[in-house]
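Asker: Structure incoming, see below.
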Amino acid sequence: MVPEGMNAVEATVRDVLRDVLSLPQEQVDGFSADTELFGALPELDSMAVAGVLTELEDRLGIVIEDDEVDGEMLETFGALTRFAAERALV
Amino acid sequence: MLRLGPDHGPTILALPALFEEANRTRTLLVAVLRRLADHGIAGALPDLPGQGDSPLPTAAARLSTWREAAAAAAATLPGPIHLVALRGGAMAAATIAAASGWHLSPLTGAEQARELRRLRAAGGSQDYAGNTIADAMIDDLAHAPLPDGARTRVVRLAGDPRPADRHLAGAPPWRAAEAVADPALADALAQDIAAWIAG
């Protein structure tokens with residue numbers, strides 16, 4: 001079942017970051033809207049970004065076009081969750 | 001070709017995931033085959049030409065040679081043969097007459113090509129996460145159908161909402177840059193495969 005609702009999308013983004021970046025559960029549990037991601041998390045290099053985007057597509061049943069991807073949506077956990085929710089919750 | 005377990009059939013012919021995903025999933029796939037061998041089920045894991053320990057350069061890999069290699073491997077194994085394919089590996093199986101197919105998180109050729117192109121863009125358009133892949137191979141994959149064998153089982157991981165015969169708990173190792181051993185997932189996959197081929 002594709003996750004619906006803001007909380008479900010946020011939980012999915014958390015799980016995707018945990019699984020793609022191989023982060024401990026405690027670390028992703030501690031993420032809040034203003035937790036910095038790209039540039040702050042050493043695990044999140046450009047290859048990992050590709051994995052995060054593709055895994056978000058798989059789990060949320062969305063399509064992300066590459067020209068929609070910019071530094072801003074990857075800046076914080078809140079920004080990435082909003083980006084995902086805008087596509088998943090229509 | 002890695003061989004495990006007894007030298008009589010049935011034999012599991014395992015087809016690895018593709019390119020960088022093959023590296024990321026090899027530990028899991030070998031762990032699953034070892035568990036099956038411990039149950040007395042034979043396994044064979046070929047290197048697709050241009051992948052793994054194959055002497056062919058990755059840039060020379062083409063889908064047609066993968067299919068020939070998979071069929072040639074199948075011809076040397078004691079039957080009946082059951083295919084176990086990870087991800088896009090199923091696309092190499094199109095010409096094998098197998099007793100059954102078991103697929104972990106399969107994706108279409110078009111999806112595979114899209115993922116590879118995204119990976120290439122992420123790496124500054126030089127190569128595909130360290131692999132040089134011919135444009136013709138990407139084109140092969142983009143148009144490759146998944147085999148539609150009569151008796152096929154699809155297993156996916158818990159976060160994946162797409163339809164499957166079963167969803168198992170675990171993180172997808174093909175997405176993880178650093179391999180994380182997941183013995184519980186290897187156990188669950190091996191048990192599912194053993195029950196499937198016994199059925």
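By convention in this document, the chains of the structure tokens carry letters A, B, ... by their order, each chain's residues are numbered from 1, and ligands are numbered from 1 in the order they are shown.
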Kindly provide the residues of chain B that approach chain A to within 12 Å, each paired with its closest atom pair and their distance in Å to one decimal, based on only C-alpha atoms, listed by chain and increasing number, as a tab-separated table.
Answerer:
residue	atom	partner	partner_atom	distance
B:Glu20	CA	A:Met47	CA	11.2
B:Glu21	CA	A:Gly51	CA	11.0
B:Arg24	CA	A:Val20	CA	11.5
B:Ser105	CA	A:Asp58	CA	10.6
B:Pro106	CA	A:Asp58	CA	11.8
B:Leu107	CA	A:Asp58	CA	10.3
B:Glu111	CA	A:Thr54	CA	9.9
B:Gln112	CA	A:Thr54	CA	10.7
B:Arg114	CA	A:Thr54	CA	9.5
B:Glu115	CA	A:Thr54	CA	7.2
B:Leu116	CA	A:Ala50	CA	9.6
B:Arg117	CA	A:Ala50	CA	9.9
B:Arg118	CA	A:Ala50	CA	6.3
B:Leu119	CA	A:Ala50	CA	6.0
B:Arg120	CA	A:Met47	CA	8.7
B:Ala121	CA	A:Ala50	CA	8.7
B:Ala122	CA	A:Ser46	CA	5.4
B:Gly123	CA	A:Met47	CA	6.4
B:Gly124	CA	A:Ser46	CA	9.1
B:Ser125	CA	A:Met47	CA	11.5
B:Asp127	CA	A:Met47	CA	11.6
B:Tyr128	CA	A:Met47	CA	9.7
B:Ala129	CA	A:Met47	CA	7.3
B:Gly130	CA	A:Met47	CA	10.6
B:Arg156	CA	A:Asp58	CA	11.3
B:Leu157	CA	A:Arg59	CA	10.2
B:Ala158	CA	A:Arg59	CA	9.4
B:Gly159	CA	A:Arg59	CA	5.9
B:Asp160	CA	A:Arg59	CA	5.0
B:Pro161	CA	A:Met1	CA	4.8
B:Arg162	CA	A:Met1	CA	7.5
B:Pro163	CA	A:Met1	CA	8.7
B:Ala164	CA	A:Met1	CA	11.2
B:His167	CA	A:Met1	CA	11.1
B:Gly170	CA	A:Asp19	CA	9.0
B:Ala171	CA	A:Asp19	CA	5.5
B:Pro172	CA	A:Asp19	CA	7.0
B:Pro173	CA	A:Asp19	CA	8.1
B:Trp174	CA	A:Val20	CA	8.7
B:Arg175	CA	A:Val20	CA	5.2
B:Ala176	CA	A:Val20	CA	4.6
B:Ala177	CA	A:Leu21	CA	6.8
B:Glu178	CA	A:Ser22	CA	6.8
B:Ala179	CA	A:Ser22	CA	8.3
B:Val180	CA	A:Ser22	CA	7.4
B:Ala181	CA	A:Ser22	CA	10.9
B:Asp182	CA	A:Ser22	CA	11.9
Asker: Filtering to N, CA and C atoms, could you give me those residues as a compact mmCIF listing (two decimals), in the first residue's frame?
Answerer:
# COMPACT_ATOMS: atom_id res chain seq x y z
N GLU B 20 26.35 -1.94 -10.57
CA GLU B 20 26.67 -1.61 -9.18
C GLU B 20 25.78 -2.39 -8.21
N GLU B 21 24.54 -2.62 -8.60
CA GLU B 21 23.64 -3.38 -7.72
C GLU B 21 24.13 -4.81 -7.52
N ARG B 24 26.49 -4.70 -4.66
CA ARG B 24 25.82 -4.43 -3.39
C ARG B 24 25.00 -5.60 -2.89
N SER B 105 12.25 -8.35 -5.93
CA SER B 105 12.11 -6.94 -6.32
C SER B 105 12.47 -6.70 -7.79
N PRO B 106 11.77 -7.39 -8.70
CA PRO B 106 12.08 -7.17 -10.12
C PRO B 106 11.68 -5.76 -10.56
N LEU B 107 12.31 -5.28 -11.60
CA LEU B 107 11.92 -4.00 -12.19
C LEU B 107 11.93 -4.17 -13.71
N GLU B 111 12.52 0.79 -16.31
CA GLU B 111 12.87 1.31 -14.98
C GLU B 111 14.37 1.16 -14.72
N GLN B 112 14.92 0.02 -15.12
CA GLN B 112 16.36 -0.22 -14.92
C GLN B 112 17.18 0.81 -15.69
N ARG B 114 16.27 3.77 -16.62
CA ARG B 114 16.09 5.08 -16.00
C ARG B 114 16.97 5.23 -14.76
N GLU B 115 17.01 4.17 -13.94
CA GLU B 115 17.86 4.21 -12.73
C GLU B 115 19.33 4.37 -13.09
N LEU B 116 19.75 3.66 -14.14
CA LEU B 116 21.15 3.76 -14.56
C LEU B 116 21.47 5.15 -15.08
N ARG B 117 20.55 5.73 -15.83
CA ARG B 117 20.80 7.09 -16.35
C ARG B 117 20.88 8.10 -15.22
N ARG B 118 20.04 7.91 -14.19
CA ARG B 118 20.08 8.81 -13.03
C ARG B 118 21.41 8.68 -12.30
N LEU B 119 21.88 7.45 -12.18
CA LEU B 119 23.17 7.21 -11.52
C LEU B 119 24.30 7.88 -12.29
N ARG B 120 24.20 7.81 -13.61
CA ARG B 120 25.23 8.41 -14.47
C ARG B 120 25.23 9.93 -14.30
N ALA B 121 24.04 10.51 -14.27
CA ALA B 121 23.94 11.97 -14.09
C ALA B 121 24.50 12.36 -12.73
N ALA B 122 24.26 11.55 -11.72
CA ALA B 122 24.73 11.86 -10.36
C ALA B 122 26.25 11.83 -10.29
N GLY B 123 26.86 11.03 -11.14
CA GLY B 123 28.32 10.92 -11.12
C GLY B 123 29.00 11.88 -12.08
N GLY B 124 28.29 12.92 -12.52
CA GLY B 124 28.89 13.89 -13.43
C GLY B 124 28.95 13.38 -14.86
N SER B 125 28.07 12.41 -15.20
CA SER B 125 27.93 11.89 -16.57
C SER B 125 29.18 11.23 -17.11
N ASP B 127 30.46 7.98 -15.92
CA ASP B 127 30.15 6.56 -16.04
C ASP B 127 28.99 6.26 -15.10
N TYR B 128 28.71 4.97 -14.93
CA TYR B 128 27.57 4.57 -14.11
C TYR B 128 28.09 4.02 -12.79
N ALA B 129 28.28 4.89 -11.80
CA ALA B 129 28.81 4.49 -10.49
C ALA B 129 30.06 3.63 -10.65
N GLY B 130 30.96 4.07 -11.53
CA GLY B 130 32.22 3.37 -11.72
C GLY B 130 32.21 2.35 -12.84
N ARG B 156 8.99 -9.01 -2.56
CA ARG B 156 9.52 -7.65 -2.41
C ARG B 156 9.78 -7.36 -0.93
N LEU B 157 10.42 -6.24 -0.65
CA LEU B 157 10.69 -5.86 0.72
C LEU B 157 9.59 -4.94 1.24
N ALA B 158 9.52 -4.86 2.57
CA ALA B 158 8.34 -4.31 3.23
C ALA B 158 7.95 -2.90 2.78
N GLY B 159 8.91 -2.03 2.49
CA GLY B 159 8.55 -0.66 2.14
C GLY B 159 8.03 -0.49 0.73
N ASP B 160 8.14 -1.54 -0.08
CA ASP B 160 7.81 -1.45 -1.51
C ASP B 160 6.33 -1.75 -1.71
N PRO B 161 5.55 -0.75 -2.13
CA PRO B 161 4.10 -0.96 -2.22
C PRO B 161 3.65 -1.74 -3.45
N ARG B 162 4.56 -2.06 -4.36
CA ARG B 162 4.12 -2.73 -5.59
C ARG B 162 3.68 -4.16 -5.29
N PRO B 163 2.80 -4.70 -6.15
CA PRO B 163 2.25 -6.03 -5.86
C PRO B 163 3.33 -7.10 -5.84
N ALA B 164 3.14 -8.08 -4.97
CA ALA B 164 4.08 -9.20 -4.86
C ALA B 164 3.34 -10.35 -4.20
N HIS B 167 5.69 -9.86 0.92
CA HIS B 167 6.60 -8.78 1.30
C HIS B 167 7.34 -9.21 2.57
N GLY B 170 12.99 -5.88 5.75
CA GLY B 170 14.42 -5.73 5.45
C GLY B 170 14.64 -4.50 4.62
N ALA B 171 15.88 -3.99 4.66
CA ALA B 171 16.27 -2.83 3.86
C ALA B 171 16.84 -3.32 2.54
N PRO B 172 16.57 -2.59 1.43
CA PRO B 172 17.08 -3.05 0.13
C PRO B 172 18.59 -2.86 0.00
N PRO B 173 19.36 -3.94 -0.03
CA PRO B 173 20.82 -3.79 -0.08
C PRO B 173 21.31 -3.17 -1.38
N TRP B 174 20.51 -3.22 -2.45
CA TRP B 174 20.95 -2.65 -3.72
C TRP B 174 20.97 -1.12 -3.68
N ARG B 175 20.40 -0.52 -2.65
CA ARG B 175 20.43 0.94 -2.51
C ARG B 175 21.52 1.40 -1.56
N ALA B 176 22.06 0.51 -0.76
CA ALA B 176 22.97 0.90 0.31
C ALA B 176 24.40 0.96 -0.21
N ALA B 177 25.04 2.13 -0.06
CA ALA B 177 26.42 2.29 -0.52
C ALA B 177 27.35 1.39 0.28
N GLU B 178 27.05 1.20 1.56
CA GLU B 178 27.88 0.33 2.40
C GLU B 178 27.09 -0.93 2.70
N ALA B 179 27.70 -2.07 2.38
CA ALA B 179 27.01 -3.33 2.60
C ALA B 179 26.73 -3.53 4.08
N VAL B 180 25.47 -3.85 4.38
CA VAL B 180 25.07 -4.15 5.75
C VAL B 180 24.60 -5.59 5.77
N ALA B 181 25.27 -6.42 6.55
CA ALA B 181 24.86 -7.84 6.62
C ALA B 181 23.48 -7.93 7.26
N ASP B 182 22.61 -8.72 6.67
CA ASP B 182 21.26 -8.89 7.21
C ASP B 182 20.94 -10.38 7.21
Asker: Among segment 15-197 of chain B, which residues carry a DSSP assignment of strand (DSSP E or B), reported as a ChimeraX atom specification?
Answerer: /B:15,42-45,81-86,100-104,128,131,152-157,166-168
Asker: Counting only C-alpha atoms, which of B:Pro49, B:Ala113, B:Leu15, B:Ala75 gets nearest to Met137 of chain B?
Answerer: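 Among B:Pro49, B:Ala113, B:Leu15, B:Ala75, it is B:Ala113 that comes nearest to Met137 of chain B.
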Asker: As an exercise, work out the distance from atom CA of Val9 of chain A to atom CA of Glu75 of chain A in Å and give it to one decimal place.
Answerer: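 Between these atoms lies a distance of 17.4 Å.
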Asker: I'd like to know which of B:Pro10, B:Leu77, B:Gly5, B:Arg34 is closest to Gln191 of chain B, using only C-alpha atoms.
Answerer: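 Under the stated criterion, the closest residue is B:Arg34.
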Asker: Taking only C-alpha atoms into account, name the residue in A:Met73, A:Ala84, A:Ile62, A:Val13 that is nearest to Asp29 of chain A.
Answerer: A:Val13
Asker: What's the separation between atom CA of Ala169 of chain B and atom CA of Pro183 of chain B, in Å to one decimal place?
Answerer: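 If I compute the distance from atom CA of Ala169 of chain B to atom CA of Pro183 of chain B, I get 11.8 Å.
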Asker: List every residue of chain A that DSSP, applied to the backbone of this structure, assigns to alpha helix (DSSP H), and report them as a ChimeraX atom specification.
Answerer: /A:6-21,25-29,46-60,77-88
Asker: Write out the residues from the selection above, keeping C-alpha atoms, as a PDB file, in the first residue's frame.
Answerer:
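Here's the written file out_8.pdb:
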ATOM      1  CA  MET A   6       1.751  13.661   5.987  1.00  0.00           C
ATOM      2  CA  ASN A   7       2.892  11.467   8.884  1.00  0.00           C
ATOM      3  CA  ALA A   8       3.177   8.407   6.665  1.00  0.00           C
ATOM      4  CA  VAL A   9       5.195  10.354   4.081  1.00  0.00           C
ATOM      5  CA  GLU A  10       7.513  11.684   6.777  1.00  0.00           C
ATOM      6  CA  ALA A  11       8.002   8.161   8.172  1.00  0.00           C
ATOM      7  CA  THR A  12       8.778   6.911   4.671  1.00  0.00           C
ATOM      8  CA  VAL A  13      11.379   9.639   4.086  1.00  0.00           C
ATOM      9  CA  ARG A  14      12.981   8.719   7.429  1.00  0.00           C
ATOM     10  CA  ASP A  15      13.074   5.011   6.489  1.00  0.00           C
ATOM     11  CA  VAL A  16      14.517   5.759   3.047  1.00  0.00           C
ATOM     12  CA  LEU A  17      17.337   7.862   4.524  1.00  0.00           C
ATOM     13  CA  ARG A  18      18.045   5.101   7.059  1.00  0.00           C
ATOM     14  CA  ASP A  19      18.118   2.355   4.418  1.00  0.00           C
ATOM     15  CA  VAL A  20      19.958   4.143   1.591  1.00  0.00           C
ATOM     16  CA  LEU A  21      22.542   5.856   3.803  1.00  0.00           C
ATOM     17  CA  GLN A  25      17.603   3.978  13.616  1.00  0.00           C
ATOM     18  CA  GLU A  26      18.376   6.299  16.575  1.00  0.00           C
ATOM     19  CA  GLN A  27      19.970   8.838  14.231  1.00  0.00           C
ATOM     20  CA  VAL A  28      16.983   9.068  11.860  1.00  0.00           C
ATOM     21  CA  ASP A  29      14.557   9.034  14.797  1.00  0.00           C
ATOM     22  CA  SER A  46      25.593  12.685  -5.080  1.00  0.00           C
ATOM     23  CA  MET A  47      25.394   8.930  -5.743  1.00  0.00           C
ATOM     24  CA  ALA A  48      23.418   8.464  -2.556  1.00  0.00           C
ATOM     25  CA  VAL A  49      21.074  11.278  -3.619  1.00  0.00           C
ATOM     26  CA  ALA A  50      20.255   9.240  -6.727  1.00  0.00           C
ATOM     27  CA  GLY A  51      19.456   6.251  -4.506  1.00  0.00           C
ATOM     28  CA  VAL A  52      17.306   8.336  -2.150  1.00  0.00           C
ATOM     29  CA  LEU A  53      15.273   9.781  -5.035  1.00  0.00           C
ATOM     30  CA  THR A  54      14.718   6.399  -6.685  1.00  0.00           C
ATOM     31  CA  GLU A  55      13.789   4.717  -3.421  1.00  0.00           C
ATOM     32  CA  LEU A  56      11.342   7.533  -2.598  1.00  0.00           C
ATOM     33  CA  GLU A  57       9.756   6.986  -6.015  1.00  0.00           C
ATOM     34  CA  ASP A  58       9.426   3.256  -5.345  1.00  0.00           C
ATOM     35  CA  ARG A  59       7.964   3.566  -1.868  1.00  0.00           C
ATOM     36  CA  LEU A  60       5.669   6.537  -2.460  1.00  0.00           C
ATOM     37  CA  PHE A  77      14.751  16.857   6.419  1.00  0.00           C
ATOM     38  CA  GLY A  78      11.725  19.155   6.439  1.00  0.00           C
ATOM     39  CA  ALA A  79      12.389  20.350   2.882  1.00  0.00           C
ATOM     40  CA  LEU A  80      12.799  16.806   1.559  1.00  0.00           C
ATOM     41  CA  THR A  81       9.635  15.673   3.330  1.00  0.00           C
ATOM     42  CA  ARG A  82       7.673  18.630   1.881  1.00  0.00           C
ATOM     43  CA  PHE A  83       9.011  17.855  -1.596  1.00  0.00           C
ATOM     44  CA  ALA A  84       7.941  14.214  -1.273  1.00  0.00           C
ATOM     45  CA  ALA A  85       4.556  15.091   0.212  1.00  0.00           C
ATOM     46  CA  GLU A  86       3.755  17.547  -2.581  1.00  0.00           C
ATOM     47  CA  ARG A  87       4.047  14.644  -5.027  1.00  0.00           C
ATOM     48  CA  ALA A  88       2.645  11.815  -2.913  1.00  0.00           C
TER      49      ALA A  88
END
Asker: List the neighbours of segment 88-104 of chain B out to 9 Å using only C-alpha atoms; skip same-chain residues closer than 2 positions along the sequence, and give me the result as a PyMOL selection string.
Answerer: chain B and resi 14-18+22+48+63-71+74-75+79-86+106-109+112+141+144-157+189+193+196-197
Asker: Could you save the residues just selected, with C-alpha atoms, as a PDB file, in the first residue's frame?
Answerer:
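The result, written out as part.pdb:
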ATOM      1  CA  ALA B  14      20.906 -17.529  -9.506  1.00  0.00           C
ATOM      2  CA  LEU B  15      21.011 -14.417 -11.683  1.00  0.00           C
ATOM      3  CA  PRO B  16      22.599 -11.430  -9.958  1.00  0.00           C
ATOM      4  CA  ALA B  17      21.356  -7.863 -10.022  1.00  0.00           C
ATOM      5  CA  LEU B  18      22.972  -5.577 -12.578  1.00  0.00           C
ATOM      6  CA  ALA B  22      25.396  -6.702  -8.347  1.00  0.00           C
ATOM      7  CA  LEU B  48      27.244 -12.430 -16.413  1.00  0.00           C
ATOM      8  CA  LEU B  63      21.865  -8.273 -23.073  1.00  0.00           C
ATOM      9  CA  SER B  64      22.110 -10.879 -25.833  1.00  0.00           C
ATOM     10  CA  THR B  65      25.441 -12.185 -24.498  1.00  0.00           C
ATOM     11  CA  TRP B  66      24.011 -12.277 -20.977  1.00  0.00           C
ATOM     12  CA  ARG B  67      21.135 -14.392 -22.223  1.00  0.00           C
ATOM     13  CA  GLU B  68      23.491 -16.719 -24.080  1.00  0.00           C
ATOM     14  CA  ALA B  69      25.705 -17.038 -20.996  1.00  0.00           C
ATOM     15  CA  ALA B  70      22.752 -17.734 -18.699  1.00  0.00           C
ATOM     16  CA  ALA B  71      21.417 -20.361 -21.110  1.00  0.00           C
ATOM     17  CA  ALA B  74      21.777 -23.666 -17.405  1.00  0.00           C
ATOM     18  CA  ALA B  75      22.794 -26.327 -19.940  1.00  0.00           C
ATOM     19  CA  GLY B  79      17.870 -30.282 -13.651  1.00  0.00           C
ATOM     20  CA  PRO B  80      15.234 -29.408 -12.890  1.00  0.00           C
ATOM     21  CA  ILE B  81      16.423 -25.790 -12.884  1.00  0.00           C
ATOM     22  CA  HIS B  82      14.732 -23.128 -10.790  1.00  0.00           C
ATOM     23  CA  LEU B  83      15.678 -19.533 -11.532  1.00  0.00           C
ATOM     24  CA  VAL B  84      16.313 -17.096  -8.704  1.00  0.00           C
ATOM     25  CA  ALA B  85      16.793 -13.573 -10.028  1.00  0.00           C
ATOM     26  CA  LEU B  86      17.584 -10.398  -8.137  1.00  0.00           C
ATOM     27  CA  PRO B 106      12.075  -7.169 -10.124  1.00  0.00           C
ATOM     28  CA  LEU B 107      11.920  -4.002 -12.190  1.00  0.00           C
ATOM     29  CA  THR B 108      11.142  -3.451 -15.830  1.00  0.00           C
ATOM     30  CA  GLY B 109      13.854  -2.807 -18.373  1.00  0.00           C
ATOM     31  CA  GLN B 112      16.355  -0.218 -14.923  1.00  0.00           C
ATOM     32  CA  LEU B 141      17.709  -2.877 -21.193  1.00  0.00           C
ATOM     33  CA  ALA B 144      13.817  -5.676 -22.464  1.00  0.00           C
ATOM     34  CA  PRO B 145      10.702  -7.440 -21.267  1.00  0.00           C
ATOM     35  CA  LEU B 146      10.700  -9.411 -18.029  1.00  0.00           C
ATOM     36  CA  PRO B 147      10.321 -13.139 -18.634  1.00  0.00           C
ATOM     37  CA  ASP B 148       6.699 -14.173 -18.221  1.00  0.00           C
ATOM     38  CA  GLY B 149       7.159 -17.808 -17.266  1.00  0.00           C
ATOM     39  CA  ALA B 150       4.071 -19.730 -16.262  1.00  0.00           C
ATOM     40  CA  ARG B 151       5.179 -20.394 -12.691  1.00  0.00           C
ATOM     41  CA  THR B 152       6.761 -17.289 -11.189  1.00  0.00           C
ATOM     42  CA  ARG B 153       6.842 -15.945  -7.646  1.00  0.00           C
ATOM     43  CA  VAL B 154       7.633 -12.319  -6.805  1.00  0.00           C
ATOM     44  CA  VAL B 155       8.980 -11.276  -3.399  1.00  0.00           C
ATOM     45  CA  ARG B 156       9.524  -7.648  -2.408  1.00  0.00           C
ATOM     46  CA  LEU B 157      10.693  -5.865   0.721  1.00  0.00           C
ATOM     47  CA  LEU B 189      14.628 -15.426   1.579  1.00  0.00           C
ATOM     48  CA  ILE B 193      12.810 -20.133  -1.979  1.00  0.00           C
ATOM     49  CA  TRP B 196       8.595 -22.401  -3.326  1.00  0.00           C
ATOM     50  CA  ILE B 197      10.633 -24.987  -5.198  1.00  0.00           C
TER      51      ILE B 197
END
Asker: Would you compute the distance between atom CA of Pro78 of chain B and atom CA of Asp47 of chain B? Give it in Å to one decimal.
Answerer: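 Straight-line distance from atom CA of Pro78 of chain B to atom CA of Asp47 of chain B works out to 18.4 Å.
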Asker: I'd like the neighbourhood of Ala186 of chain B as a list in words, where a residue qualifies if any of its atoms comes within 7 Å (using only C-alpha atoms), though same-chain residues fewer than 6 positions away should be ignored.
Answerer: Leu28, Ala31 and Val32 of chain B
Asker: For Asp70 of chain A, which residue out of A:Phe38, A:Leu89, A:Gly5, A:Ala33 is the nearest one, using only C-alpha atoms?
Answerer: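 Using only C-alpha atoms, Asp70 of chain A sits closest to A:Phe38.
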